[in-house]
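Heads up, my_file06.txt below (compact mmCIF, C-alpha atoms and all ligand atoms):
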# COMPACT_ATOMS: atom_id res chain seq x y z
CA MET A 1 75.89 -22.56 75.74
CA THR A 2 78.78 -21.59 77.97
CA ILE A 3 80.17 -18.54 76.21
CA ASN A 4 79.89 -15.05 77.62
CA ASN A 5 76.89 -15.24 79.93
CA ASN A 6 75.04 -17.70 77.71
CA ALA A 7 74.95 -15.41 74.66
CA ILE A 8 75.89 -16.85 71.28
CA PRO A 9 78.51 -14.54 69.73
CA LYS A 10 76.91 -12.11 67.27
CA ALA A 11 79.40 -12.92 64.51
CA TRP A 12 78.50 -16.63 64.40
CA PRO A 13 76.29 -17.73 61.49
CA ASP A 14 72.69 -18.68 62.25
CA VAL A 15 71.88 -21.99 63.88
CA TRP A 16 71.07 -24.46 61.09
CA VAL A 17 69.33 -27.26 62.98
CA LYS A 18 69.00 -27.53 66.78
CA GLY A 19 72.41 -26.97 68.39
CA MET A 20 74.36 -27.00 65.12
CA ILE A 21 75.89 -24.31 62.90
CA LYS A 22 76.98 -25.18 59.36
CA THR A 23 80.63 -24.76 58.44
CA LYS A 24 81.38 -22.46 55.48
CA ASN A 25 83.50 -25.06 53.72
CA LYS A 26 80.96 -27.91 53.65
CA MET A 27 82.87 -29.82 56.34
CA GLY A 28 79.88 -30.62 58.50
CA ILE A 29 78.75 -28.54 61.43
CA MET A 30 80.00 -26.98 64.64
CA THR A 31 78.12 -28.18 67.71
CA ILE A 32 77.17 -25.36 70.06
CA GLU A 33 77.05 -27.57 73.16
CA ASN A 34 80.43 -28.49 74.60
CA SER A 35 80.94 -32.27 74.75
CA PRO A 36 82.40 -33.92 77.89
CA PRO A 37 85.97 -34.00 76.42
CA SER A 38 85.59 -30.36 75.30
CA LYS A 39 84.44 -29.36 78.80
CA ALA A 40 87.47 -31.14 80.26
CA PHE A 41 89.76 -29.23 77.84
CA ILE A 42 88.08 -25.94 78.80
CA ASP A 43 88.58 -26.77 82.52
CA PHE A 44 92.21 -27.69 81.89
CA ALA A 45 92.66 -24.19 80.43
CA LYS A 46 92.49 -22.85 84.01
CA ILE A 47 95.74 -24.59 84.98
CA ALA A 48 97.63 -24.91 81.67
CA LYS A 49 101.10 -23.37 81.66
CA LYS A 50 101.70 -23.53 77.89
CA PRO A 51 99.39 -22.77 74.95
CA LEU A 52 96.50 -25.05 74.03
CA LEU A 53 95.65 -26.10 70.47
CA ASP A 54 92.17 -26.72 69.03
CA ILE A 55 92.40 -28.49 65.66
CA GLY A 56 89.30 -27.91 63.50
CA CYS A 57 88.02 -25.19 65.81
CA ALA A 58 85.40 -23.76 63.37
CA TYR A 59 83.89 -20.60 64.97
CA GLY A 60 85.39 -21.27 68.40
CA ALA A 61 82.73 -22.93 70.58
CA VAL A 62 85.62 -24.45 72.55
CA VAL A 63 88.39 -21.92 71.92
CA ILE A 64 86.43 -18.98 73.36
CA PRO A 65 85.57 -20.50 76.77
CA ALA A 66 89.14 -21.87 77.04
CA ILE A 67 90.45 -18.33 76.50
CA LEU A 68 87.96 -16.95 79.01
CA ASN A 69 89.48 -19.46 81.45
CA GLY A 70 92.82 -17.74 81.02
CA ALA A 71 94.76 -19.94 78.57
CA LYS A 72 96.57 -18.94 75.40
CA VAL A 73 94.79 -20.86 72.64
CA ILE A 74 95.76 -21.58 69.05
CA GLY A 75 92.67 -22.06 66.90
CA CYS A 76 93.47 -24.15 63.82
CA ASP A 77 91.01 -24.48 60.96
CA LEU A 78 91.33 -24.94 57.19
CA ASP A 79 88.81 -22.17 56.56
CA ASN A 80 89.99 -18.56 57.00
CA GLU A 81 86.43 -17.28 57.19
CA HIS A 82 85.84 -19.48 60.27
CA LEU A 83 88.98 -18.00 61.82
CA SER A 84 87.92 -14.38 61.10
CA ILE A 85 84.56 -15.05 62.73
CA LEU A 86 86.36 -16.60 65.71
CA GLU A 87 88.68 -13.59 65.99
CA SER A 88 85.80 -11.15 66.04
CA SER A 89 83.93 -13.30 68.61
CA VAL A 90 86.65 -13.16 71.27
CA PRO A 91 86.10 -10.21 73.63
CA GLN A 92 88.64 -7.46 72.90
CA GLU A 93 90.28 -7.68 76.33
CA HIS A 94 91.08 -11.39 75.74
CA ARG A 95 92.10 -11.13 72.07
CA HIS A 96 95.84 -11.25 72.94
CA LEU A 97 95.31 -14.86 74.13
CA LEU A 98 94.19 -16.02 70.68
CA GLN A 99 96.40 -17.16 67.83
CA THR A 100 94.97 -18.68 64.65
CA THR A 101 96.32 -20.77 61.81
CA SER A 102 94.80 -22.29 58.68
CA ASP A 103 97.64 -24.80 58.31
CA SER A 104 96.24 -28.23 57.63
CA PHE A 105 96.60 -31.04 60.18
CA PRO A 106 98.71 -33.15 60.11
CA ASN A 107 100.96 -32.29 57.17
CA ASN A 108 101.33 -28.50 57.33
CA LEU A 109 100.78 -27.76 61.00
CA ARG A 110 104.05 -27.40 62.93
CA PHE A 111 104.99 -26.69 66.55
CA GLU A 112 108.14 -26.97 68.62
CA LYS A 113 108.57 -30.16 70.63
CA GLU A 114 106.92 -29.94 74.08
CA SER A 115 105.54 -26.45 73.36
CA LEU A 116 101.83 -27.17 74.09
CA SER A 117 99.94 -28.17 77.24
CA ALA A 118 96.89 -29.69 75.54
CA VAL A 119 95.39 -30.53 72.15
CA HIS A 120 91.67 -30.76 71.40
CA ILE A 121 90.43 -32.35 68.19
CA SER A 122 86.69 -32.73 67.83
CA MET A 123 84.87 -34.09 64.80
CA VAL A 124 87.88 -33.78 62.51
CA LEU A 125 89.45 -37.27 62.44
CA HIS A 126 86.45 -38.55 60.48
CA PHE A 127 87.74 -36.59 57.46
CA MET A 128 91.07 -38.41 57.60
CA LYS A 129 92.43 -41.78 56.52
CA GLY A 130 93.76 -44.04 59.27
CA GLU A 131 97.45 -43.64 58.48
CA ASP A 132 97.14 -39.82 58.55
CA ILE A 133 95.33 -40.01 61.89
CA LEU A 134 98.19 -42.06 63.32
CA LEU A 135 100.78 -39.68 61.89
CA GLY A 136 98.82 -36.69 63.24
CA LEU A 137 98.37 -38.04 66.76
CA LYS A 138 102.07 -38.94 66.89
CA LYS A 139 102.81 -35.30 66.02
CA CYS A 140 100.46 -34.15 68.81
CA TYR A 141 102.42 -36.36 71.18
CA GLN A 142 105.66 -34.63 70.16
CA TRP A 143 104.13 -31.13 70.50
CA LEU A 144 102.84 -31.79 74.03
CA GLU A 145 104.90 -31.24 77.14
CA PRO A 146 105.24 -34.22 79.52
CA GLY A 147 101.93 -34.41 81.42
CA GLY A 148 100.19 -32.74 78.46
CA LYS A 149 96.66 -33.76 77.53
CA LEU A 150 94.85 -34.87 74.39
CA TYR A 151 91.05 -34.54 74.05
CA ILE A 152 89.31 -36.24 71.11
CA VAL A 153 85.70 -36.43 69.97
CA ASN A 154 84.68 -38.62 67.09
CA MET A 155 81.49 -40.06 65.68
CA THR A 156 80.67 -43.74 65.98
CA PRO A 157 78.67 -45.83 63.50
CA TYR A 158 75.65 -45.38 65.82
CA LEU A 159 75.01 -41.74 64.90
CA GLY A 160 71.42 -41.33 63.69
CA LEU A 161 72.33 -38.99 60.91
CA PHE A 162 73.06 -42.21 59.04
CA ASN A 163 71.07 -45.43 58.68
CA TRP A 164 72.86 -46.47 61.82
CA GLN A 165 71.61 -50.06 62.19
CA GLU A 166 73.02 -50.91 58.74
CA LEU A 167 76.11 -48.78 59.18
CA SER A 168 77.02 -50.28 62.58
CA LYS A 169 76.38 -53.81 61.27
CA TYR A 170 78.70 -53.14 58.33
CA TYR A 171 81.30 -51.53 60.61
CA PHE A 172 81.40 -54.51 63.01
CA GLU A 173 81.57 -56.95 60.09
CA ARG A 174 84.71 -55.08 59.05
CA VAL A 175 86.04 -55.32 62.64
CA GLN A 176 85.35 -59.09 62.61
CA LYS A 177 87.25 -59.46 59.32
CA GLY A 178 90.28 -57.82 60.98
CA GLU A 179 90.32 -54.75 58.71
CA LYS A 180 93.09 -52.42 59.87
CA TRP A 181 90.82 -49.36 59.62
CA PRO A 182 87.27 -50.74 59.88
CA GLY A 183 85.80 -47.24 60.14
CA GLU A 184 86.94 -46.01 56.71
CA ILE A 185 83.54 -46.24 55.05
CA ASN A 186 81.77 -44.66 52.10
CA CYS A 187 79.23 -42.92 54.29
CA LYS A 188 77.12 -41.66 51.39
CA ASN A 189 75.94 -45.30 51.04
CA PHE A 190 74.37 -44.97 54.51
CA ALA A 191 73.29 -41.32 54.46
CA LYS A 192 69.75 -40.25 55.25
CA GLY A 193 68.32 -37.16 53.60
CA GLY A 194 69.05 -33.65 54.77
CA TRP A 195 72.84 -33.41 54.97
CA GLY A 196 73.48 -33.54 51.23
CA ASP A 197 76.57 -31.52 50.42
CA GLN A 198 77.74 -31.33 54.06
CA LEU A 199 78.90 -34.95 53.97
CA PRO A 200 82.24 -36.17 52.66
CA GLU A 201 82.33 -39.19 50.34
CA TYR A 202 84.23 -41.23 52.91
CA ALA A 203 83.99 -40.81 56.66
CA HIS A 204 86.06 -42.43 59.37
CA PHE A 205 83.98 -43.90 62.22
CA PHE A 206 85.38 -45.24 65.49
CA ASP A 207 84.28 -47.52 68.27
CA ILE A 208 85.85 -47.36 71.71
CA HIS A 209 88.34 -50.19 71.07
CA VAL A 210 89.76 -48.89 67.80
CA MET A 211 89.93 -45.35 69.23
CA ARG A 212 91.86 -46.57 72.28
CA SER A 213 94.25 -48.55 70.10
CA VAL A 214 94.98 -45.53 67.86
CA ALA A 215 95.65 -43.28 70.88
CA GLU A 216 97.96 -45.89 72.45
CA GLN A 217 99.80 -46.56 69.19
CA SER A 218 100.51 -42.81 69.05
CA GLY A 219 102.24 -42.99 72.45
CA PHE A 220 99.40 -41.76 74.70
CA THR A 221 98.12 -43.24 77.93
CA VAL A 222 94.32 -43.26 77.85
CA ASP A 223 92.90 -41.71 81.04
CA ASP A 224 89.25 -42.06 80.09
CA ILE A 225 87.36 -43.26 77.03
CA PHE A 226 83.58 -43.38 76.80
CA TYR A 227 80.53 -43.21 74.58
CA PHE A 228 78.19 -40.24 74.90
CA CYS A 229 75.60 -38.19 73.04
CA TYR A 230 75.03 -34.44 72.98
CA GLU A 231 71.74 -33.30 74.52
CA ASN A 232 71.21 -30.21 72.38
CA ILE A 233 71.00 -31.86 68.95
CA PRO A 234 67.93 -33.01 67.00
CA ASN A 235 66.29 -36.10 68.52
CA LYS A 236 66.45 -37.90 65.17
CA TYR A 237 70.27 -38.12 65.48
CA LYS A 238 70.05 -39.73 68.95
CA THR A 239 69.99 -43.53 68.97
CA ASN A 240 71.48 -45.61 71.81
CA GLY A 241 73.62 -43.18 73.82
CA LYS A 242 76.78 -44.31 71.95
CA GLU A 243 76.62 -41.83 69.05
CA TYR A 244 80.03 -40.31 69.85
CA VAL A 245 83.23 -41.54 71.42
CA GLY A 246 85.21 -39.24 73.72
CA THR A 247 88.85 -39.82 74.61
CA ILE A 248 90.98 -38.10 77.22
CA ALA A 249 94.63 -39.14 77.11
CA SER A 250 97.96 -38.04 78.57
CA LYS A 251 101.59 -37.86 77.59
CA LYS A 252 103.19 -39.50 80.64
C1 LIG B 301 82.78 -31.01 61.61
S1 LIG B 301 83.56 -29.48 61.94
C2 LIG B 301 83.85 -29.65 63.70
C3 LIG B 301 83.87 -28.33 64.41
C4 LIG B 301 84.08 -28.42 65.92
N1 LIG B 301 85.42 -28.91 66.24
C5 LIG B 301 83.04 -29.30 66.56
O1 LIG B 301 83.36 -30.37 67.07
O2 LIG B 301 81.88 -28.90 66.59
C6 LIG B 301 85.20 -29.74 61.28
C7 LIG B 301 86.06 -28.49 61.22
O3 LIG B 301 87.41 -28.92 61.10
C8 LIG B 301 88.05 -28.22 60.06
N2 LIG B 301 89.04 -29.17 59.51
C9 LIG B 301 88.76 -30.29 58.83
N3 LIG B 301 89.90 -30.94 58.50
C10 LIG B 301 90.92 -30.21 59.00
C11 LIG B 301 92.33 -30.36 58.96
N4 LIG B 301 92.91 -31.41 58.35
N5 LIG B 301 93.10 -29.40 59.56
C12 LIG B 301 92.50 -28.35 60.17
N6 LIG B 301 91.16 -28.15 60.23
C13 LIG B 301 90.38 -29.07 59.66
C14 LIG B 301 86.95 -27.82 59.10
O4 LIG B 301 87.30 -26.68 58.35
C15 LIG B 301 85.77 -27.61 60.04
O5 LIG B 301 85.67 -26.27 60.46
Could you render the structure as structure tokens?
Amino acid sequence: MTINNNAIPKAWPDVWVKGMIKTKNKMGIMTIENSPPSKAFIDFAKIAKKPLLDIGCAYGAVVIPAILNGAKVIGCDLDNEHLSILESSVPQEHRHLLQTTSDSFPNNLRFEKESLSAVHISMVLHFMKGEDILLGLKKCYQWLEPGGKLYIVNMTPYLGLFNWQELSKYYFERVQKGEKWPGEINCKNFAKGGWGDQLPEYAHFFDIHVMRSVAEQSGFTVDDIFYFCYENIPNKYKTNGKEYVGTIASKK
């Protein structure tokens, strides 16, 4: 935990399972540990000249340290209760650096062209259909200033919260068949017990190649793209070290 001398903000809901806090709107969980792309976004906050945007920020595990690094940050989340909790978790002396919006990405969220220095979007694209993801990332490209950065985290079909051997087999069969969006899958067919109502009917999974292609089709230059796994999550979700895909990309 990197917020405020290692203390979890008092306003955050209780930890549900190791390293994870449930969202209020049944849209999965917020991970307490910052992923490698999230850490890079938080570091970038030290040098950013324009505001940063975190889409699907939940209670602010990434927004808060980015603010503490001196950036103005816009926290975007569909759920107003998440945003209230975020607001009350930012130390008073830094509150002027926070702006929040519950406008939905990509259709309702709007910014001026070249008005942002970086966009972070972690564990949100899996709720979206492929064409909306493309539309959304193209919008991010427009909102970013030249040299601006995009940081994405998404789940792969290897995540052990599903029957990952079957799910990844099915995913790569879809890749082989040349499906345009091989990761659009009814994930309830592959769900293990425990997550019940936290899972959407369909989820969108990515491997490194499809993720790179989507970022490039949206105009971005990919600086780094890699598989990783969080450390501070239950061991049963860890499989082969490729449970998540992280992308760091630039608007050249
Ligand atoms: C699975 S949580 C991820 C939270 C955090 N970003 C993380 O990686 O731990 C998804 C969050 O994104 C929000 N969200 C989902 N779809 C969204 C959309 N289209 N626009 C804005 N927020 C969205 C949800 O309300 C939820 O708080």
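Comparing the minimum interatomic distances between Asp224 of chain A and each of A:Pro36, A:Arg110, A:Tyr202, A:Pro157, counting all atoms listed in the file, we find that A:Pro36 sits nearest.
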Find the residue from A:Leu144, A:Pro182, A:Arg174, A:Val210 that sits nearest to Lys251 of chain A; use all atoms listed in the file when measuring. A:Leu144
Site check for ligand LIG 301 (chain B): residues at most 6 Å away, only C-alpha atoms and all ligand atoms, as an mmCIF file with C-alpha atoms, in the coordinates of the input:
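Written output follows (selection.cif):
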data_model
loop_
_atom_site.group_PDB
_atom_site.id
_atom_site.type_symbol
_atom_site.label_atom_id
_atom_site.label_comp_id
_atom_site.auth_asym_id
_atom_site.auth_seq_id
_atom_site.Cartn_x
_atom_site.Cartn_y
_atom_site.Cartn_z
ATOM 1 C CA THR A 23 80.630 -24.760 58.440
ATOM 2 C CA MET A 27 82.870 -29.820 56.340
ATOM 3 C CA GLY A 28 79.880 -30.620 58.500
ATOM 4 C CA ILE A 29 78.750 -28.540 61.430
ATOM 5 C CA MET A 30 80.000 -26.980 64.640
ATOM 6 C CA THR A 31 78.120 -28.180 67.710
ATOM 7 C CA ILE A 55 92.400 -28.490 65.660
ATOM 8 C CA GLY A 56 89.300 -27.910 63.500
ATOM 9 C CA CYS A 57 88.020 -25.190 65.810
ATOM 10 C CA ALA A 58 85.400 -23.760 63.370
ATOM 11 C CA CYS A 76 93.470 -24.150 63.820
ATOM 12 C CA ASP A 77 91.010 -24.480 60.960
ATOM 13 C CA LEU A 78 91.330 -24.940 57.190
ATOM 14 C CA ASP A 79 88.810 -22.170 56.560
ATOM 15 C CA SER A 104 96.240 -28.230 57.630
ATOM 16 C CA PHE A 105 96.600 -31.040 60.180
ATOM 17 C CA SER A 122 86.690 -32.730 67.830
ATOM 18 C CA MET A 123 84.870 -34.090 64.800
ATOM 19 C CA VAL A 124 87.880 -33.780 62.510
#
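Atom pair atom CA of Lys10 of chain A / atom CA of Ser89 of chain A has a distance of 7.2 Å (rounded to one decimal).
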Using only C-alpha atoms, find the one residue out of A:Ile8, A:Val90, A:Ala215, A:Ile64 that sits nearest to Ser38 of chain A. A:Ile64
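Minimum distance to Gly70 of chain A across A:Leu86, A:Val119, A:Ile248, A:Leu97 (counting all atoms listed in the file) occurs at A:Leu97.
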Have a look at atom CA of Glu145 of chain A and atom CA of Phe220 of chain A and let me know their distance in Å, one decimal. 12.1 Å
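Between atom CA of His126 of chain A and atom CA of Lys72 of chain A the interatomic distance comes to 26.6 Å.
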Top pick for closest residue to Ile185 of chain A, considering A:Pro234, A:Cys229, A:Phe127, A:Gly160 and counting only C-alpha atoms: A:Phe127
Around (78.7, -44.0, 50.5) in the file's frame, which residues reach within 10 Å when counting all atoms listed in the file? Return as a VMD selection string? chain A and resid 185 to 191 199 to 203
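The closest residue to Cys140 of chain A, picked from A:Phe111, A:Gln92, A:Glu166, A:Ala66 and counting all atoms listed in the file, is A:Phe111.
Applying the 9 Å criterion to (94.4, -24.9, 81.5) in file coordinates and using all atoms listed in the file, one obtains the residues Phe41, Ile42, Asp43, Phe44, Ala45, Lys46, Ile47, Ala48, Lys49, Lys50, Pro51, Leu52, Ala66, Asn69, Gly70, Ala71, Lys72, Ser117 and Ala118 of chain A.
The environment of Ile133 of chain A within 8 Å, counting all atoms listed in the file and disregarding residues fewer than 5 places along the same chain, consists of Pro106, Leu125 and Met128 of chain A.
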Spatial neighbours of Thr221 of chain A, max dist 8 Å, all atoms listed in the file, sep filter under 2 positions, as a PyMOL selection string: chain A and resi 215-216+219+223+249-252
Tell me, as a PyMOL selection string, which residues lie within 12 Å of Tyr237 of chain A, counting only C-alpha atoms; anything in the same chain fewer than 5 positions away does not count. chain A and resi 17-20+155-164+191-192+194-195+229-232+242-244
